[in-house]
>>> print(open('coords-v3.csv').read())   # CSV, C-alpha atoms and all ligand atoms
chain,number,residue,atom,x,y,z
A,1093,MET,CA,77.5,71.8,89.4
A,1094,ALA,CA,80.5,70.1,87.8
A,1095,THR,CA,83.9,71.9,88.2
A,1096,LEU,CA,87.3,72.0,86.6
A,1097,LYS,CA,90.5,72.2,88.5
A,1098,LEU,CA,92.6,75.4,88.1
A,1099,ASN,CA,96.4,75.3,88.4
A,1100,ASN,CA,96.1,76.8,91.9
A,1101,ASN,CA,94.1,73.7,92.8
A,1102,ALA,CA,90.8,75.7,93.2
A,1103,GLU,CA,87.7,74.3,91.6
A,1104,ILE,CA,85.9,76.4,89.0
A,1105,PRO,CA,82.3,75.7,88.3
A,1106,VAL,CA,82.0,74.8,84.6
A,1107,LEU,CA,79.0,77.0,84.1
A,1108,GLY,CA,78.9,80.7,85.1
A,1109,LEU,CA,76.6,83.6,84.5
A,1110,GLY,CA,78.1,86.0,81.9
A,1111,THR,CA,77.3,89.7,82.5
A,1112,TRP,CA,78.8,91.6,79.6
A,1113,GLN,CA,76.1,94.0,78.3
A,1114,SER,CA,73.9,93.5,81.5
A,1115,SER,CA,73.1,96.9,82.7
A,1116,PRO,CA,73.6,97.7,86.4
A,1117,GLU,CA,69.8,97.7,86.9
A,1118,GLU,CA,69.3,94.4,85.1
A,1119,VAL,CA,72.2,92.6,86.5
A,1120,TYR,CA,71.2,92.9,90.1
A,1121,ASN,CA,68.0,90.8,89.5
A,1122,ALA,CA,69.8,88.5,87.1
A,1123,VAL,CA,72.5,87.6,89.6
A,1124,LEU,CA,70.1,87.2,92.5
A,1125,HIS,CA,67.9,84.9,90.4
A,1126,ALA,CA,70.9,82.9,89.1
A,1127,LEU,CA,72.2,82.4,92.7
A,1128,LYS,CA,68.8,81.3,93.9
A,1129,LEU,CA,68.7,78.7,91.1
A,1130,GLY,CA,72.1,77.3,92.0
A,1131,TYR,CA,74.6,79.2,89.9
A,1132,ARG,CA,77.7,79.6,91.9
A,1133,HIS,CA,80.0,81.3,89.3
A,1134,ILE,CA,79.6,84.9,88.2
A,1135,ASP,CA,81.8,86.5,85.6
A,1136,THR,CA,82.2,90.3,85.4
A,1137,ALA,CA,84.8,93.0,84.5
A,1138,PHE,CA,85.6,96.5,85.4
A,1139,ALA,CA,84.7,97.6,81.9
A,1140,TYR,CA,81.2,96.1,82.2
A,1141,GLY,CA,80.3,98.9,84.6
A,1142,ASN,CA,78.2,96.5,86.7
A,1143,GLU,CA,80.5,95.3,89.5
A,1144,GLU,CA,78.6,97.3,92.2
A,1145,SER,CA,75.3,95.8,91.4
A,1146,ILE,CA,76.8,92.3,91.3
A,1147,GLY,CA,78.4,92.8,94.7
A,1148,LYS,CA,75.1,93.9,96.1
A,1149,ALA,CA,73.3,90.9,94.7
A,1150,ILE,CA,75.9,88.6,96.1
A,1151,ARG,CA,75.5,90.1,99.6
A,1152,ASP,CA,71.7,90.1,99.3
A,1153,SER,CA,71.7,86.5,98.2
A,1154,GLY,CA,72.9,85.4,101.7
A,1155,ILE,CA,75.1,82.7,100.1
A,1156,PRO,CA,78.4,82.3,102.0
A,1157,ARG,CA,81.2,83.9,100.0
A,1158,GLU,CA,83.3,80.7,100.1
A,1159,GLN,CA,80.6,78.9,98.1
A,1160,LEU,CA,80.9,81.4,95.2
A,1161,PHE,CA,83.4,81.8,92.3
A,1162,ILE,CA,83.8,85.4,91.3
A,1163,THR,CA,85.8,86.6,88.3
A,1164,THR,CA,86.6,90.1,87.3
A,1165,LYS,CA,89.0,91.7,84.8
A,1166,LEU,CA,91.8,94.3,84.6
A,1167,TRP,CA,90.8,97.0,82.2
A,1168,CYS,CA,93.4,98.1,79.6
A,1169,THR,CA,94.0,101.5,81.2
A,1170,PHE,CA,95.3,99.8,84.4
A,1171,HIS,CA,98.0,97.8,82.7
A,1172,LYS,CA,100.8,99.7,84.3
A,1173,ASN,CA,99.1,99.5,87.7
A,1174,PRO,CA,97.2,96.2,88.0
A,1175,SER,CA,97.0,96.5,91.8
A,1176,ASP,CA,95.1,99.8,91.4
A,1177,GLY,CA,92.7,98.1,88.9
A,1178,LEU,CA,92.1,95.2,91.3
A,1179,LYS,CA,91.5,97.6,94.2
A,1180,GLU,CA,89.0,99.5,92.2
A,1181,SER,CA,87.1,96.3,91.3
A,1182,LEU,CA,87.2,94.9,94.8
A,1183,THR,CA,85.8,98.2,96.2
A,1184,ARG,CA,83.0,98.2,93.7
A,1185,LEU,CA,82.2,94.5,94.3
A,1186,GLY,CA,82.5,95.0,98.1
A,1187,LEU,CA,84.8,91.9,98.3
A,1188,ASP,CA,88.2,91.2,99.9
A,1189,GLN,CA,89.3,89.0,97.0
A,1190,VAL,CA,88.2,87.5,93.7
A,1191,ASP,CA,88.6,83.9,92.8
A,1192,LEU,CA,90.0,84.8,89.4
A,1193,TYR,CA,91.5,88.1,88.0
A,1194,LEU,CA,92.0,88.2,84.3
A,1195,MET,CA,93.9,90.6,82.1
A,1196,HIS,CA,90.9,91.6,79.9
A,1197,TRP,CA,93.0,92.3,76.7
A,1198,PRO,CA,96.7,92.0,75.9
A,1199,VAL,CA,96.6,95.7,75.1
A,1200,PRO,CA,97.8,98.5,77.5
A,1201,LEU,CA,95.9,101.7,76.9
A,1202,ASN,CA,96.8,105.1,78.1
A,1203,PRO,CA,94.6,106.2,81.0
A,1204,ASN,CA,94.9,109.8,79.9
A,1205,GLY,CA,93.5,109.3,76.5
A,1206,ASN,CA,90.4,111.1,75.2
A,1207,ASP,CA,88.0,108.6,76.5
A,1208,PRO,CA,88.6,107.1,79.9
A,1209,LYS,CA,87.2,103.7,78.9
A,1210,PHE,CA,88.4,103.3,75.3
A,1211,PRO,CA,91.2,105.9,75.0
A,1212,THR,CA,91.7,107.1,71.5
A,1213,LEU,CA,94.1,109.4,69.8
A,1214,PRO,CA,92.9,112.5,67.8
A,1215,ASP,CA,93.2,110.3,64.6
A,1216,GLY,CA,90.8,107.9,66.1
A,1217,ASN,CA,93.3,105.1,66.8
A,1218,ARG,CA,93.5,103.5,70.2
A,1219,ASP,CA,95.9,105.2,72.5
A,1220,ILE,CA,98.3,102.3,73.2
A,1221,VAL,CA,100.9,102.8,75.8
A,1222,GLN,CA,104.4,102.7,74.3
A,1223,GLY,CA,107.2,100.9,75.9
A,1224,TRP,CA,105.0,98.6,77.9
A,1225,ASN,CA,103.4,95.3,76.9
A,1226,PHE,CA,101.3,92.5,78.3
A,1227,ILE,CA,104.4,90.7,79.5
A,1228,ASP,CA,105.1,93.7,81.8
A,1229,THR,CA,101.5,93.7,82.9
A,1230,TRP,CA,101.7,90.0,83.7
A,1231,ARG,CA,104.9,90.5,85.7
A,1232,GLU,CA,102.9,93.0,87.9
A,1233,MET,CA,99.8,90.9,88.0
A,1234,GLN,CA,101.8,88.0,89.5
A,1235,LYS,CA,102.2,90.1,92.7
A,1236,LEU,CA,98.4,90.0,93.1
A,1237,VAL,CA,98.1,86.3,93.8
A,1238,GLY,CA,97.2,86.0,97.5
A,1239,HIS,CA,96.7,89.8,97.6
A,1240,GLY,CA,93.2,90.2,96.4
A,1241,ALA,CA,93.2,87.5,93.8
A,1242,LYS,CA,93.2,83.8,94.5
A,1243,ALA,CA,94.2,83.1,90.9
A,1244,ILE,CA,95.2,85.2,87.8
A,1245,GLY,CA,94.6,84.6,84.2
A,1246,VAL,CA,94.2,86.2,80.8
A,1247,SER,CA,91.5,86.9,78.3
A,1248,ASN,CA,91.5,87.3,74.5
A,1249,PHE,CA,94.9,85.6,74.2
A,1250,ASP,CA,95.6,83.5,71.1
A,1251,VAL,CA,98.3,80.8,71.0
A,1252,TYR,CA,100.8,83.3,69.6
A,1253,ASN,CA,100.5,85.6,72.6
A,1254,LEU,CA,100.2,82.8,75.2
A,1255,GLU,CA,103.4,81.4,73.8
A,1256,LYS,CA,105.1,84.8,74.1
A,1257,LEU,CA,103.9,85.2,77.6
A,1258,LEU,CA,104.9,81.7,78.8
A,1259,GLN,CA,108.4,82.0,77.3
A,1260,ALA,CA,109.1,85.4,79.0
A,1261,SER,CA,111.8,85.2,81.7
A,1262,SER,CA,109.6,87.2,84.0
A,1263,THR,CA,106.7,84.8,83.8
A,1264,THR,CA,106.7,82.6,86.9
A,1265,VAL,CA,102.9,82.0,87.1
A,1266,VAL,CA,101.1,80.1,84.3
A,1267,PRO,CA,97.7,81.8,83.7
A,1268,ALA,CA,95.0,79.7,85.4
A,1269,ALA,CA,92.5,80.5,82.7
A,1270,ASN,CA,92.1,82.2,79.3
A,1271,GLN,CA,88.7,83.6,78.5
A,1272,VAL,CA,87.9,84.0,74.8
A,1273,GLU,CA,85.1,84.2,72.3
A,1274,LEU,CA,84.1,80.5,71.8
A,1275,HIS,CA,81.2,79.0,69.9
A,1276,PRO,CA,80.7,76.7,66.9
A,1277,HIS,CA,81.5,79.4,64.4
A,1278,LEU,CA,84.8,80.1,66.2
A,1279,PRO,CA,85.6,76.7,67.9
A,1280,GLN,CA,89.4,77.5,68.4
A,1281,HIS,CA,90.3,73.9,68.4
A,1282,LYS,CA,94.1,74.6,68.4
A,1283,LEU,CA,93.8,77.1,71.2
A,1284,LEU,CA,91.8,74.5,73.3
A,1285,ALA,CA,94.4,71.8,72.7
A,1286,TYR,CA,97.2,74.3,73.5
A,1287,CYS,CA,95.6,75.4,76.8
A,1288,LYS,CA,94.9,71.8,77.8
A,1289,GLU,CA,98.5,70.9,77.3
A,1290,LYS,CA,99.6,73.9,79.4
A,1291,GLY,CA,97.0,73.3,82.2
A,1292,ILE,CA,95.2,76.5,81.3
A,1293,VAL,CA,91.4,76.4,81.6
A,1294,LEU,CA,89.8,77.8,78.5
A,1295,GLU,CA,86.6,79.8,79.2
A,1296,ALA,CA,84.0,80.6,76.6
A,1297,TYR,CA,82.5,84.0,76.4
A,1298,SER,CA,79.5,84.7,74.1
A,1299,PRO,CA,79.0,81.0,73.8
A,1300,LEU,CA,75.5,81.6,72.4
A,1301,GLY,CA,76.9,84.0,69.8
A,1302,SER,CA,75.8,87.1,71.7
A,1303,THR,CA,72.8,89.3,70.8
A,1304,ASN,CA,70.6,88.2,67.8
A,1305,SER,CA,72.8,85.2,67.4
A,1306,PRO,CA,72.8,83.3,64.1
A,1307,LEU,CA,73.7,80.2,66.1
A,1308,LEU,CA,70.3,79.8,67.7
A,1309,THR,CA,68.7,79.1,64.3
A,1310,GLU,CA,71.5,77.1,62.8
A,1311,PRO,CA,69.8,74.1,61.3
A,1312,ALA,CA,72.3,71.5,62.5
A,1313,LEU,CA,72.1,72.8,66.0
A,1314,VAL,CA,68.3,73.0,66.0
A,1315,LYS,CA,68.2,69.4,64.8
A,1316,ILE,CA,70.4,68.3,67.8
A,1317,ALA,CA,68.3,70.4,70.1
A,1318,GLU,CA,65.1,68.6,68.8
A,1319,LYS,CA,66.7,65.3,69.4
A,1320,TYR,CA,67.3,66.1,73.1
A,1321,HIS,CA,64.1,68.1,73.5
A,1322,VAL,CA,66.0,71.2,74.7
A,1323,HIS,CA,66.5,74.8,73.5
A,1324,THR,CA,69.4,75.4,71.0
A,1325,ALA,CA,71.1,77.5,73.7
A,1326,THR,CA,71.2,74.4,75.9
A,1327,VAL,CA,73.0,72.5,73.1
A,1328,LEU,CA,75.6,75.3,72.8
A,1329,ILE,CA,76.2,75.4,76.5
A,1330,SER,CA,76.4,71.6,76.8
A,1331,TRP,CA,78.8,71.4,73.9
A,1332,ALA,CA,81.2,73.9,75.6
A,1333,ILE,CA,81.1,71.7,78.7
A,1334,TRP,CA,81.4,68.5,76.7
A,1335,ARG,CA,84.7,69.7,75.1
A,1336,GLY,CA,86.2,70.7,78.5
A,1337,THR,CA,85.8,74.4,78.6
A,1338,VAL,CA,84.1,76.7,81.2
A,1339,VAL,CA,81.0,78.4,79.7
A,1340,LEU,CA,79.6,81.8,80.5
A,1341,PRO,CA,76.2,82.4,78.9
A,1342,LYS,CA,74.8,85.8,79.5
A,1343,SER,CA,71.2,86.5,80.2
A,1344,VAL,CA,69.1,89.0,82.2
A,1345,THR,CA,65.8,87.1,81.4
A,1346,PRO,CA,64.7,84.9,84.4
A,1347,LYS,CA,63.4,82.0,82.2
A,1348,ARG,CA,66.6,81.9,80.1
A,1349,ILE,CA,68.8,82.0,83.2
A,1350,GLU,CA,66.8,79.0,84.4
A,1351,SER,CA,66.9,77.0,81.1
A,1352,ASN,CA,70.6,77.8,80.5
A,1353,PHE,CA,71.4,76.1,83.9
A,1354,GLU,CA,70.0,72.8,82.6
A,1355,VAL,CA,73.0,71.1,81.0
A,1356,ILE,CA,72.6,67.9,79.0
A,1357,LYS,CA,75.1,65.2,78.4
A,1358,LEU,CA,75.9,65.3,74.7
A,1359,GLU,CA,76.6,62.1,73.0
A,1360,ASP,CA,80.1,62.1,71.5
A,1361,GLU,CA,78.8,61.9,67.9
A,1362,ASP,CA,76.7,65.1,68.4
A,1363,GLY,CA,79.7,66.9,70.0
A,1364,LYS,CA,81.8,66.0,67.0
A,1365,ILE,CA,79.1,67.2,64.6
A,1366,ILE,CA,79.2,70.6,66.4
A,1367,ASP,CA,83.1,70.5,66.5
A,1368,ASN,CA,83.1,70.3,62.7
A,1369,LEU,CA,80.3,72.8,61.8
A,1370,TYR,CA,82.8,75.6,61.2
A,1371,LYS,CA,84.1,73.7,58.2
A,1372,GLU,CA,80.9,74.3,56.3
A,1373,ILE,CA,80.4,77.9,57.6
A,1374,GLY,CA,83.9,79.1,57.8
A,1375,VAL,CA,85.5,80.5,61.0
A,1376,ARG,CA,84.1,83.9,62.1
A,1377,ARG,CA,84.2,86.1,65.1
A,1378,ILE,CA,80.7,87.3,65.9
A,1379,ILE,CA,81.5,89.9,68.5
A,1380,SER,CA,85.2,90.3,69.4
A,1381,PRO,CA,86.2,93.8,68.3
A,1382,ASN,CA,88.7,93.8,65.5
A,1383,TRP,CA,91.0,96.3,67.1
A,1384,TYR,CA,94.7,95.9,66.7
A,1385,PRO,CA,94.4,92.5,65.1
A,1386,GLU,CA,98.2,92.4,64.7
A,1387,VAL,CA,98.4,92.6,68.5
A,1388,VAL,CA,95.5,90.6,69.6
A,1389,PHE,CA,94.4,87.9,67.0
A,1390,HIS,CA,97.2,86.5,64.9
A,1391,SER,CA,95.3,83.5,63.5
A,1392,ASP,CA,92.1,81.5,63.9
A,1393,ASP,CA,92.0,77.8,63.4
B,1401,LIG,P1,68.9,88.3,77.4
B,1401,LIG,O1,70.0,88.7,78.2
B,1401,LIG,O2,68.0,89.5,77.0
B,1401,LIG,O3,68.1,87.2,77.9
B,1401,LIG,P2,76.0,85.2,74.9
B,1401,LIG,O4,76.0,84.5,76.2
B,1401,LIG,O5,76.5,84.4,73.7
B,1401,LIG,O6,76.7,86.5,75.0
B,1401,LIG,O7,74.5,85.6,74.5
B,1401,LIG,C1,73.8,86.5,75.2
B,1401,LIG,C2,72.5,86.9,74.4
B,1401,LIG,O8,71.7,85.7,74.2
B,1401,LIG,C3,71.7,87.9,75.1
B,1401,LIG,O9,71.1,88.7,74.1
B,1401,LIG,C4,70.7,87.0,75.8
B,1401,LIG,O10,69.5,87.8,75.9
B,1401,LIG,C5,70.5,85.9,74.8
B,1401,LIG,N1,70.1,84.6,75.5
B,1401,LIG,C6,70.6,84.1,76.6
B,1401,LIG,N2,70.1,82.9,76.9
B,1401,LIG,C7,69.2,82.7,75.9
B,1401,LIG,C8,68.3,81.6,75.6
B,1401,LIG,N3,68.2,80.5,76.4
B,1401,LIG,N4,67.6,81.6,74.5
B,1401,LIG,C9,67.6,82.7,73.6
B,1401,LIG,N5,68.4,83.8,73.9
B,1401,LIG,C10,69.2,83.7,75.0
>>> encode(input="coords-v3.csv", output="structure tokens", more="lines below")
Ligand code: A2P
Amino acid sequence: MATLKLNNNAEIPVLGLGTWQSSPEEVYNAVLHALKLGYRHIDTAFAYGNEESIGKAIRDSGIPREQLFITTKLWCTFHKNPSDGLKESLTRLGLDQVDLYLMHWPVPLNPNGNDPKFPTLPDGNRDIVQGWNFIDTWREMQKLVGHGAKAIGVSNFDVYNLEKLLQASSTTVVPAANQVELHPHLPQHKLLAYCKEKGIVLEAYSPLGSTNSPLLTEPALVKIAEKYHVHTATVLISWAIWRGTVVLPKSVTPKRIESNFEVIKLEDEDGKIIDNLYKEIGVRRIISPNWYPEVVFHSDD
């Protein structure tokens, strides 16, 4: 499997198994199957609630830990104590360290809110911690490098927030990666160019457009799939790799896990057609929650 180099010099396999919305029961078999097929990169998060099953599948696979690339994410309620968040995840995974630890959202939430996972206030708004922001969180996360996390990065950061983070005087570590929703309806060309310039690997979540995706039946994509005699999902995965991102398709279906692993080399002319699809359709987020857009998403390109 091809890899990209992170800014800590570690190699990250360009294709990993996504596990958002994979239940603990399903994910065990999915990860075991993926590892048997040759996947070496698994992406999870505290908030997915499946780290324990993933850890068990990793152990049961018998594959040496050093051959695997494991990512998990700091949940919003741990922003003031990232080291507690990481400890929780490592315990659940049964690992000493992860290869990449990402700040899941640039939004610190109050752990004592009404709901432990998505704290809300009585008026229904999210219970955002006052007097603390993602720059403070990052300052604390920097201490985790070499202490449970080989590399640290962010998720759901747009150019505006990345720029804020990189300009902060307390920022000494450039995020190794930024994981965002990325597919032909939301290609985020400017964000990709920005990340390349800064040496930040951009990772695509929901690269297939998530559940019941409109992308899989998109005529232009189906046409390209027919040309290469592959599934439309394979075109989406291959396009993500062609443009230099890491791609994290999620599946709990053995046949799909298998076919998603077969990447094709897209011709540049096809890659460019997919690059420009959004111009006809318009940019749209398929799945990222629209919470606190003023904090999280300032603009789409
Ligand atoms: P399932 O997990 O039931 O196999 P994304 O990676 O964009 O989040 O998309 C995940 C969704 O796409 C899931 O509903 C997953 O279903 C489905 N999926 C994954 N791979 C394929 C594929 N090769 N063909 C069709 N649907 C797929």
>>> closest_residue(input="coords-v3.csv", among="A:Ile1244, A:Val1322, A:Ile1227, A:Ile1150", to="ligand LIG 1401 (chain B)", atoms="only C-alpha atoms and all ligand atoms")
A:Val1322
>>> residues_near_ligand(input="coords-v3.csv", ligand="ligand LIG 1401 (chain B)", cutoff="8 Å", atoms="all atoms listed in the file", output="list of chain:residue names")
A:Gly1110, A:Trp1112, A:Ser1114, A:Tyr1297, A:Ser1298, A:Pro1299, A:Leu1300, A:Gly1301, A:Ser1302, A:Thr1303, A:Asn1304, A:Ser1305, A:Leu1308, A:His1323, A:Thr1324, A:Ala1325, A:Thr1326, A:Leu1340, A:Pro1341, A:Lys1342, A:Ser1343, A:Val1344, A:Thr1345, A:Pro1346, A:Lys1347, A:Arg1348, A:Ile1349, A:Ser1351, A:Asn1352
>>> write_last_selection(input="coords-v3.csv", atoms="C-alpha atoms", output="PDB file, in the frame of the given file")
ATOM      1  CA  GLY A1110      78.100  86.000  81.900  1.00  0.00           C
ATOM      2  CA  TRP A1112      78.800  91.600  79.600  1.00  0.00           C
ATOM      3  CA  SER A1114      73.900  93.500  81.500  1.00  0.00           C
ATOM      4  CA  TYR A1297      82.500  84.000  76.400  1.00  0.00           C
ATOM      5  CA  SER A1298      79.500  84.700  74.100  1.00  0.00           C
ATOM      6  CA  PRO A1299      79.000  81.000  73.800  1.00  0.00           C
ATOM      7  CA  LEU A1300      75.500  81.600  72.400  1.00  0.00           C
ATOM      8  CA  GLY A1301      76.900  84.000  69.800  1.00  0.00           C
ATOM      9  CA  SER A1302      75.800  87.100  71.700  1.00  0.00           C
ATOM     10  CA  THR A1303      72.800  89.300  70.800  1.00  0.00           C
ATOM     11  CA  ASN A1304      70.600  88.200  67.800  1.00  0.00           C
ATOM     12  CA  SER A1305      72.800  85.200  67.400  1.00  0.00           C
ATOM     13  CA  LEU A1308      70.300  79.800  67.700  1.00  0.00           C
ATOM     14  CA  HIS A1323      66.500  74.800  73.500  1.00  0.00           C
ATOM     15  CA  THR A1324      69.400  75.400  71.000  1.00  0.00           C
ATOM     16  CA  ALA A1325      71.100  77.500  73.700  1.00  0.00           C
ATOM     17  CA  THR A1326      71.200  74.400  75.900  1.00  0.00           C
ATOM     18  CA  LEU A1340      79.600  81.800  80.500  1.00  0.00           C
ATOM     19  CA  PRO A1341      76.200  82.400  78.900  1.00  0.00           C
ATOM     20  CA  LYS A1342      74.800  85.800  79.500  1.00  0.00           C
ATOM     21  CA  SER A1343      71.200  86.500  80.200  1.00  0.00           C
ATOM     22  CA  VAL A1344      69.100  89.000  82.200  1.00  0.00           C
ATOM     23  CA  THR A1345      65.800  87.100  81.400  1.00  0.00           C
ATOM     24  CA  PRO A1346      64.700  84.900  84.400  1.00  0.00           C
ATOM     25  CA  LYS A1347      63.400  82.000  82.200  1.00  0.00           C
ATOM     26  CA  ARG A1348      66.600  81.900  80.100  1.00  0.00           C
ATOM     27  CA  ILE A1349      68.800  82.000  83.200  1.00  0.00           C
ATOM     28  CA  SER A1351      66.900  77.000  81.100  1.00  0.00           C
ATOM     29  CA  ASN A1352      70.600  77.800  80.500  1.00  0.00           C
TER      30      ASN A1352
END
>>> residues_around(input="coords-v3.csv", residues="Lys1097 (chain A)", least_positions_apart="2", cutoff="12 Å", atoms="only C-alpha atoms", output="list in words")
Ala1094, Thr1095, Asn1099, Asn1100, Asn1101, Ala1102, Glu1103, Ile1104, Pro1105, Val1106, Ala1243, Ala1268, Ala1269, Lys1288, Gly1291, Ile1292, Val1293, Leu1294, Gly1336, Thr1337 and Val1338 of chain A
>>> residues_around(input="coords-v3.csv", residues="region 1367-1381 of chain A", least_positions_apart="5", cutoff="10 Å", atoms="all atoms listed in the file", output="MDAnalysis selection string")
chainID A and resid 1248 1272:1281 1297:1298 1301:1303 1305:1307 1310 1312:1313 1331:1332 1335 1361:1362 1388:1389 1392:1393
>>> atom_distance(input="coords-v3.csv", atom1="CA of Pro1174 (chain A)", atom2="CA of Met1195 (chain A)")
8.8 Å
>>> atom_distance(input="coords-v3.csv", atom1="CA of Tyr1252 (chain A)", atom2="CA of Tyr1140 (chain A)")
26.6 Å
>>> residues_around(input="coords-v3.csv", residues="Leu1185 (chain A)", least_positions_apart="4", cutoff="9 Å", atoms="all atoms listed in the file", output="ChimeraX atom specification")
/A:1142-1148,1150,1180-1181
>>> write_last_selection(input="coords-v3.csv", atoms="C-alpha atoms", output="mmCIF file, in the frame of the given file")
data_model
loop_
_atom_site.group_PDB
_atom_site.id
_atom_site.type_symbol
_atom_site.label_atom_id
_atom_site.label_comp_id
_atom_site.auth_asym_id
_atom_site.auth_seq_id
_atom_site.Cartn_x
_atom_site.Cartn_y
_atom_site.Cartn_z
ATOM 1 C CA ASN A 1142 78.200 96.500 86.700
ATOM 2 C CA GLU A 1143 80.500 95.300 89.500
ATOM 3 C CA GLU A 1144 78.600 97.300 92.200
ATOM 4 C CA SER A 1145 75.300 95.800 91.400
ATOM 5 C CA ILE A 1146 76.800 92.300 91.300
ATOM 6 C CA GLY A 1147 78.400 92.800 94.700
ATOM 7 C CA LYS A 1148 75.100 93.900 96.100
ATOM 8 C CA ILE A 1150 75.900 88.600 96.100
ATOM 9 C CA GLU A 1180 89.000 99.500 92.200
ATOM 10 C CA SER A 1181 87.100 96.300 91.300
#
>>> closest_residue(input="coords-v3.csv", among="A:Leu1107, A:Val1387, A:Ala1139, A:Val1123", to="Thr1169 (chain A)", atoms="all atoms listed in the file")
A:Ala1139
>>> atom_distance(input="coords-v3.csv", atom1="CA of Trp1197 (chain A)", atom2="CA of Val1266 (chain A)")
16.5 Å
>>> residues_around(input="coords-v3.csv", residues="Asn1173 (chain A)", least_positions_apart="4", cutoff="9 Å", atoms="all atoms listed in the file", output="PDB file with C-alpha atoms, keeping the file's coordinate frame")
ATOM      1  CA  THR A1169      94.000 101.500  81.200  1.00  0.00           C
ATOM      2  CA  GLY A1177      92.700  98.100  88.900  1.00  0.00           C
ATOM      3  CA  LEU A1178      92.100  95.200  91.300  1.00  0.00           C
ATOM      4  CA  THR A1229     101.500  93.700  82.900  1.00  0.00           C
ATOM      5  CA  GLU A1232     102.900  93.000  87.900  1.00  0.00           C
ATOM      6  CA  MET A1233      99.800  90.900  88.000  1.00  0.00           C
TER       7      MET A1233
END
>>> closest_residue(input="coords-v3.csv", among="A:Leu1182, A:Ala1122, A:Leu1236, A:Val1251", to="Lys1290 (chain A)", atoms="all atoms listed in the file")
A:Val1251
>>> residues_near_point(input="coords-v3.csv", point="(91.7, 90.5, 82.6)", cutoff="7 Å", atoms="all atoms listed in the file", output="mmCIF file with C-alpha atoms, in the frame of the given file")
data_model
loop_
_atom_site.group_PDB
_atom_site.id
_atom_site.type_symbol
_atom_site.label_atom_id
_atom_site.label_comp_id
_atom_site.auth_asym_id
_atom_site.auth_seq_id
_atom_site.Cartn_x
_atom_site.Cartn_y
_atom_site.Cartn_z
ATOM 1 C CA THR A 1164 86.600 90.100 87.300
ATOM 2 C CA LYS A 1165 89.000 91.700 84.800
ATOM 3 C CA LEU A 1166 91.800 94.300 84.600
ATOM 4 C CA TRP A 1167 90.800 97.000 82.200
ATOM 5 C CA TYR A 1193 91.500 88.100 88.000
ATOM 6 C CA LEU A 1194 92.000 88.200 84.300
ATOM 7 C CA MET A 1195 93.900 90.600 82.100
ATOM 8 C CA HIS A 1196 90.900 91.600 79.900
ATOM 9 C CA TRP A 1197 93.000 92.300 76.700
ATOM 10 C CA GLY A 1245 94.600 84.600 84.200
ATOM 11 C CA VAL A 1246 94.200 86.200 80.800
ATOM 12 C CA SER A 1247 91.500 86.900 78.300
#
>>> residues_around(input="coords-v3.csv", residues="Glu1158 (chain A)", least_positions_apart="2", cutoff="12 Å", atoms="only C-alpha atoms", output="ChimeraX atom specification")
/A:1102-1103,1132-1133,1150,1154-1156,1160-1162,1187-1191,1242
>>> residues_near_point(input="coords-v3.csv", point="(75.2, 64.6, 79.5)", cutoff="12 Å", atoms="all atoms listed in the file", output="VMD selection string")
chain A and resid 1094 1320 1326 to 1327 1329 to 1335 1354 to 1360 1362 to 1363
>>> closest_residue(input="coords-v3.csv", among="A:Asn1202, A:Glu1318, A:His1390, A:Tyr1131", to="Asp1250 (chain A)", atoms="all atoms listed in the file")
A:His1390
>>> closest_residue(input="coords-v3.csv", among="A:Cys1168, A:Asp1219, A:Glu1350, A:Ala1296", to="Leu1124 (chain A)", atoms="all atoms listed in the file")
A:Glu1350
